[in-house]
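Note: the block below is entry_14.csv and it holds CSV, C-alpha atoms.
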```csv
chain,number,residue,atom,x,y,z
A,1,MET,CA,-3.0,-11.3,-2.8
A,2,MET,CA,-0.6,-14.0,-1.7
A,3,ARG,CA,-0.3,-17.7,-2.0
A,4,TRP,CA,2.2,-19.9,-0.2
A,5,PRO,CA,0.9,-23.4,0.5
A,6,GLY,CA,1.7,-24.7,3.9
A,7,ARG,CA,2.6,-21.2,5.2
A,8,ILE,CA,-0.3,-18.8,4.4
A,9,PRO,CA,-3.6,-20.3,5.5
A,10,ALA,CA,-5.8,-21.0,2.4
A,11,GLY,CA,-8.9,-18.7,2.2
A,12,SER,CA,-7.6,-16.3,4.9
A,13,THR,CA,-8.0,-12.6,4.6
A,14,CYS,CA,-6.2,-9.7,6.3
A,15,ASN,CA,-7.7,-6.2,6.8
A,16,GLN,CA,-4.5,-4.6,8.0
A,17,ILE,CA,-2.6,-2.0,5.9
A,18,ALA,CA,0.2,-3.2,3.7
A,19,GLY,CA,1.5,-2.0,0.4
A,20,ASN,CA,4.2,-2.3,-2.2
A,21,ILE,CA,6.6,-0.3,0.0
A,22,ASP,CA,6.5,-3.3,2.3
A,23,LEU,CA,7.9,-5.8,-0.2
A,24,LEU,CA,11.6,-5.0,0.2
A,25,PRO,CA,11.8,-5.3,4.0
A,26,THR,CA,9.5,-8.4,3.8
A,27,PHE,CA,11.6,-10.2,1.2
A,28,ALA,CA,14.8,-9.3,3.0
A,29,LYS,CA,13.4,-10.8,6.3
A,30,LEU,CA,12.2,-13.9,4.5
A,31,ILE,CA,15.5,-14.7,2.9
A,32,GLY,CA,17.5,-13.7,6.0
A,33,VAL,CA,19.2,-10.5,4.7
A,34,GLU,CA,19.6,-7.5,7.0
A,35,PRO,CA,19.3,-4.1,5.2
A,36,ALA,CA,22.2,-1.8,5.8
A,37,LYS,CA,22.0,-0.1,9.2
A,38,ASP,CA,22.2,3.4,7.6
A,39,LEU,CA,19.4,2.7,5.2
A,40,VAL,CA,16.0,4.0,6.3
A,41,LEU,CA,13.1,2.0,4.8
A,42,ASP,CA,9.6,3.3,4.7
A,43,GLY,CA,8.2,-0.2,4.4
A,44,ARG,CA,7.5,-2.7,7.1
A,45,ASP,CA,8.2,-6.3,7.5
A,46,ILE,CA,4.8,-8.0,7.0
A,47,PRO,CA,5.2,-11.8,7.6
A,48,PRO,CA,3.0,-11.5,10.7
A,49,LEU,CA,0.2,-10.4,8.4
A,50,MET,CA,1.0,-13.1,5.9
A,51,PHE,CA,1.1,-16.1,8.3
A,52,ASP,CA,-1.4,-15.1,11.0
A,53,PRO,CA,-5.0,-14.0,10.0
A,54,GLN,CA,-5.4,-12.5,13.5
A,55,ALA,CA,-2.2,-10.5,13.5
A,56,GLY,CA,-2.4,-6.9,14.6
A,57,PRO,CA,-1.2,-3.9,12.5
A,58,VAL,CA,2.4,-3.6,11.5
A,59,ARG,CA,2.2,0.2,11.3
A,60,ALA,CA,0.3,2.8,13.4
A,61,THR,CA,0.5,5.6,10.9
A,62,GLN,CA,-1.4,6.5,7.8
A,63,LEU,CA,-0.5,5.5,4.2
A,64,TYR,CA,-0.6,8.3,1.6
A,65,PHE,CA,-1.1,7.4,-2.1
A,66,THR,CA,-0.3,9.8,-4.9
A,67,ALA,CA,-1.1,10.0,-8.6
A,68,ASN,CA,0.6,12.4,-10.9
A,69,GLN,CA,2.4,14.0,-7.9
A,70,THR,CA,-1.0,14.8,-6.3
A,71,LEU,CA,-2.5,13.3,-3.1
A,72,ALA,CA,-5.0,10.7,-4.3
A,73,ALA,CA,-5.9,8.8,-1.1
A,74,ILE,CA,-5.1,8.4,2.6
A,75,ARG,CA,-5.7,5.2,4.6
A,76,GLN,CA,-5.6,4.7,8.4
A,77,GLY,CA,-7.0,1.6,10.0
A,78,ASP,CA,-10.5,0.9,8.6
A,79,TRP,CA,-10.8,4.5,7.2
A,80,GLU,CA,-10.0,5.7,3.6
A,81,ALA,CA,-10.3,9.1,2.0
A,82,ILE,CA,-10.1,9.0,-1.7
A,83,SER,CA,-9.9,12.0,-4.0
A,84,GLY,CA,-12.1,11.6,-7.1
A,85,CYS,CA,-9.7,13.1,-9.6
A,86,SER,CA,-6.5,15.0,-9.5
A,87,PRO,CA,-6.4,18.5,-11.1
A,88,SER,CA,-4.3,17.2,-14.0
A,89,ASN,CA,-6.8,14.4,-14.7
A,90,ARG,CA,-9.7,16.8,-14.6
A,91,GLN,CA,-8.0,19.0,-17.2
A,92,ARG,CA,-7.3,16.0,-19.4
A,93,GLN,CA,-10.9,14.7,-19.1
A,94,GLU,CA,-12.4,18.2,-20.0
A,95,GLY,CA,-10.2,18.3,-23.0
A,96,GLU,CA,-11.3,14.8,-24.2
A,97,GLY,CA,-15.0,15.4,-23.9
A,98,GLY,CA,-15.8,18.1,-21.5
A,99,LYS,CA,-16.7,21.8,-22.0
A,100,GLU,CA,-13.4,22.7,-23.7
A,101,SER,CA,-13.8,20.2,-26.5
A,102,GLY,CA,-17.3,21.3,-27.4
A,103,LYS,CA,-18.7,17.8,-27.2
```

Show me, as structure tokens, the structure contained in the file I just sent.
Amino acid sequence: MMRWPGRIPAGSTCNQIAGNIDLLPTFAKLIGVEPAKDLVLDGRDIPPLMFDPQAGPVRATQLYFTANQTLAAIRQGDWEAISGCSPSNRQRQEGEGGKESGK
């Protein structure tokens, strides 16, 4: 969610992929700082998504989300695949009220 009166159209939505990894390259671009040439950033510069509700994607690849060092979700375009629960979470849930706890 973003708000920037006069720059981001009020009430606009964007269905393109963006995430917290995009913050560093975006803020750098907005304040006019060029990241070091030998620095490889995973994130993308997303002002096109911020300022133009009709902007196309800034990345053509998938985003992978992890939880507790386990793959939790994958997103590409309009598609998402979400894992219900990582193995470590399943073990914790069983211990808190599942078969192992006797409840």

| Of the candidates A:Met50, A:Ile31, A:Ala81, A:Val40, which one gets nearest to Met1 (chain A) if we count only C-alpha atoms? | A:Met50

| task | Identify the residues around (-1.6, -5.9, 14.0) within a radius of 10 Å, measuring from only C-alpha atoms in the coordinates stated by the file, and give them as number ranges by chain. | result | A: 14-17, 46, 48-49, 52-60

| request: Name the residues in contact with Asp42 (chain A) at a cut-off of 12 Å, using all atoms listed in the file, excluding same-chain residues fewer than 4 positions from it; report them as a ChimeraX atom specification. | output: /A:18-26,59,61-64

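Note that the spacing between CA of Asp38 (chain A) and CA of Leu71 (chain A) amounts to 28.7 Å.
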
| Between CA of Trp4 (chain A) and CA of Phe51 (chain A) - distance in Å to one decimal | 9.4 Å

| task | Choose the residue, out of A:Ser83, A:Phe27, A:Pro35, A:Phe65, that has the smallest atom-to-atom separation from Pro47 (chain A); count only C-alpha atoms. | result | A:Phe27

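Take CA of Leu30 (chain A) and CA of Met2 (chain A): the distance between them is 14.2 Å.
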
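Using all atoms listed in the file for every distance, the candidate list A:Ala73, A:Ile82, A:Ala10, A:Ala28 yields A:Ala28 as the residue closest to Leu41 (chain A).
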
Please rebuild region 32-53 of chain A with N, CA and C atoms and return the result as a PDB file, in the frame of the given file.
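Dumped everything to result20.pdb:
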```pdb
ATOM      1  N   GLY A  32      16.505 -13.825   4.973  1.00  0.00           N
ATOM      2  CA  GLY A  32      17.500 -13.700   6.000  1.00  0.00           C
ATOM      3  C   GLY A  32      18.596 -12.641   5.711  1.00  0.00           C
ATOM      4  N   VAL A  33      18.229 -11.604   4.954  1.00  0.00           N
ATOM      5  CA  VAL A  33      19.200 -10.500   4.700  1.00  0.00           C
ATOM      6  C   VAL A  33      18.811  -9.314   5.529  1.00  0.00           C
ATOM      7  N   GLU A  34      19.804  -8.733   6.161  1.00  0.00           N
ATOM      8  CA  GLU A  34      19.600  -7.500   7.000  1.00  0.00           C
ATOM      9  C   GLU A  34      19.944  -6.306   6.170  1.00  0.00           C
ATOM     10  N   PRO A  35      18.974  -5.387   5.976  1.00  0.00           N
ATOM     11  CA  PRO A  35      19.300  -4.100   5.200  1.00  0.00           C
ATOM     12  C   PRO A  35      20.394  -3.369   5.955  1.00  0.00           C
ATOM     13  N   ALA A  36      21.125  -2.585   5.208  1.00  0.00           N
ATOM     14  CA  ALA A  36      22.200  -1.800   5.800  1.00  0.00           C
ATOM     15  C   ALA A  36      21.665  -0.923   6.922  1.00  0.00           C
ATOM     16  N   LYS A  37      22.447  -0.794   7.979  1.00  0.00           N
ATOM     17  CA  LYS A  37      22.000  -0.100   9.200  1.00  0.00           C
ATOM     18  C   LYS A  37      21.745   1.415   8.887  1.00  0.00           C
ATOM     19  N   ASP A  38      22.448   1.999   7.907  1.00  0.00           N
ATOM     20  CA  ASP A  38      22.200   3.400   7.600  1.00  0.00           C
ATOM     21  C   ASP A  38      21.116   3.636   6.581  1.00  0.00           C
ATOM     22  N   LEU A  39      20.457   2.566   6.157  1.00  0.00           N
ATOM     23  CA  LEU A  39      19.400   2.700   5.200  1.00  0.00           C
ATOM     24  C   LEU A  39      18.042   2.752   5.940  1.00  0.00           C
ATOM     25  N   VAL A  40      17.279   3.807   5.680  1.00  0.00           N
ATOM     26  CA  VAL A  40      16.000   4.000   6.300  1.00  0.00           C
ATOM     27  C   VAL A  40      14.911   3.536   5.314  1.00  0.00           C
ATOM     28  N   LEU A  41      14.160   2.501   5.681  1.00  0.00           N
ATOM     29  CA  LEU A  41      13.100   2.000   4.800  1.00  0.00           C
ATOM     30  C   LEU A  41      11.746   2.474   5.275  1.00  0.00           C
ATOM     31  N   ASP A  42      10.916   2.893   4.331  1.00  0.00           N
ATOM     32  CA  ASP A  42       9.600   3.300   4.700  1.00  0.00           C
ATOM     33  C   ASP A  42       8.659   2.096   4.907  1.00  0.00           C
ATOM     34  N   GLY A  43       8.982   0.986   4.249  1.00  0.00           N
ATOM     35  CA  GLY A  43       8.200  -0.200   4.400  1.00  0.00           C
ATOM     36  C   GLY A  43       8.342  -0.926   5.667  1.00  0.00           C
ATOM     37  N   ARG A  44       7.434  -1.866   5.919  1.00  0.00           N
ATOM     38  CA  ARG A  44       7.500  -2.700   7.100  1.00  0.00           C
ATOM     39  C   ARG A  44       7.595  -4.151   6.743  1.00  0.00           C
ATOM     40  N   ASP A  45       8.121  -4.909   7.661  1.00  0.00           N
ATOM     41  CA  ASP A  45       8.200  -6.300   7.500  1.00  0.00           C
ATOM     42  C   ASP A  45       6.843  -6.934   7.824  1.00  0.00           C
ATOM     43  N   ILE A  46       6.180  -7.565   6.848  1.00  0.00           N
ATOM     44  CA  ILE A  46       4.800  -8.000   7.000  1.00  0.00           C
ATOM     45  C   ILE A  46       4.543  -9.489   7.181  1.00  0.00           C
ATOM     46  N   PRO A  47       5.544 -10.362   7.360  1.00  0.00           N
ATOM     47  CA  PRO A  47       5.200 -11.800   7.600  1.00  0.00           C
ATOM     48  C   PRO A  47       4.185 -12.038   8.661  1.00  0.00           C
ATOM     49  N   PRO A  48       4.122 -11.252   9.756  1.00  0.00           N
ATOM     50  CA  PRO A  48       3.000 -11.500  10.700  1.00  0.00           C
ATOM     51  C   PRO A  48       1.655 -11.440  10.045  1.00  0.00           C
ATOM     52  N   LEU A  49       1.479 -10.521   9.112  1.00  0.00           N
ATOM     53  CA  LEU A  49       0.200 -10.400   8.400  1.00  0.00           C
ATOM     54  C   LEU A  49      -0.014 -11.562   7.442  1.00  0.00           C
ATOM     55  N   MET A  50       1.061 -12.066   6.890  1.00  0.00           N
ATOM     56  CA  MET A  50       1.000 -13.100   5.900  1.00  0.00           C
ATOM     57  C   MET A  50       0.606 -14.480   6.570  1.00  0.00           C
ATOM     58  N   PHE A  51       1.172 -14.746   7.725  1.00  0.00           N
ATOM     59  CA  PHE A  51       1.100 -16.100   8.300  1.00  0.00           C
ATOM     60  C   PHE A  51       0.028 -16.195   9.428  1.00  0.00           C
ATOM     61  N   ASP A  52      -0.473 -15.079   9.943  1.00  0.00           N
ATOM     62  CA  ASP A  52      -1.400 -15.100  11.000  1.00  0.00           C
ATOM     63  C   ASP A  52      -2.625 -14.232  10.716  1.00  0.00           C
ATOM     64  N   PRO A  53      -3.780 -14.841  10.367  1.00  0.00           N
ATOM     65  CA  PRO A  53      -5.000 -14.000  10.000  1.00  0.00           C
ATOM     66  C   PRO A  53      -5.421 -13.107  11.137  1.00  0.00           C
TER      67      PRO A  53
END
```
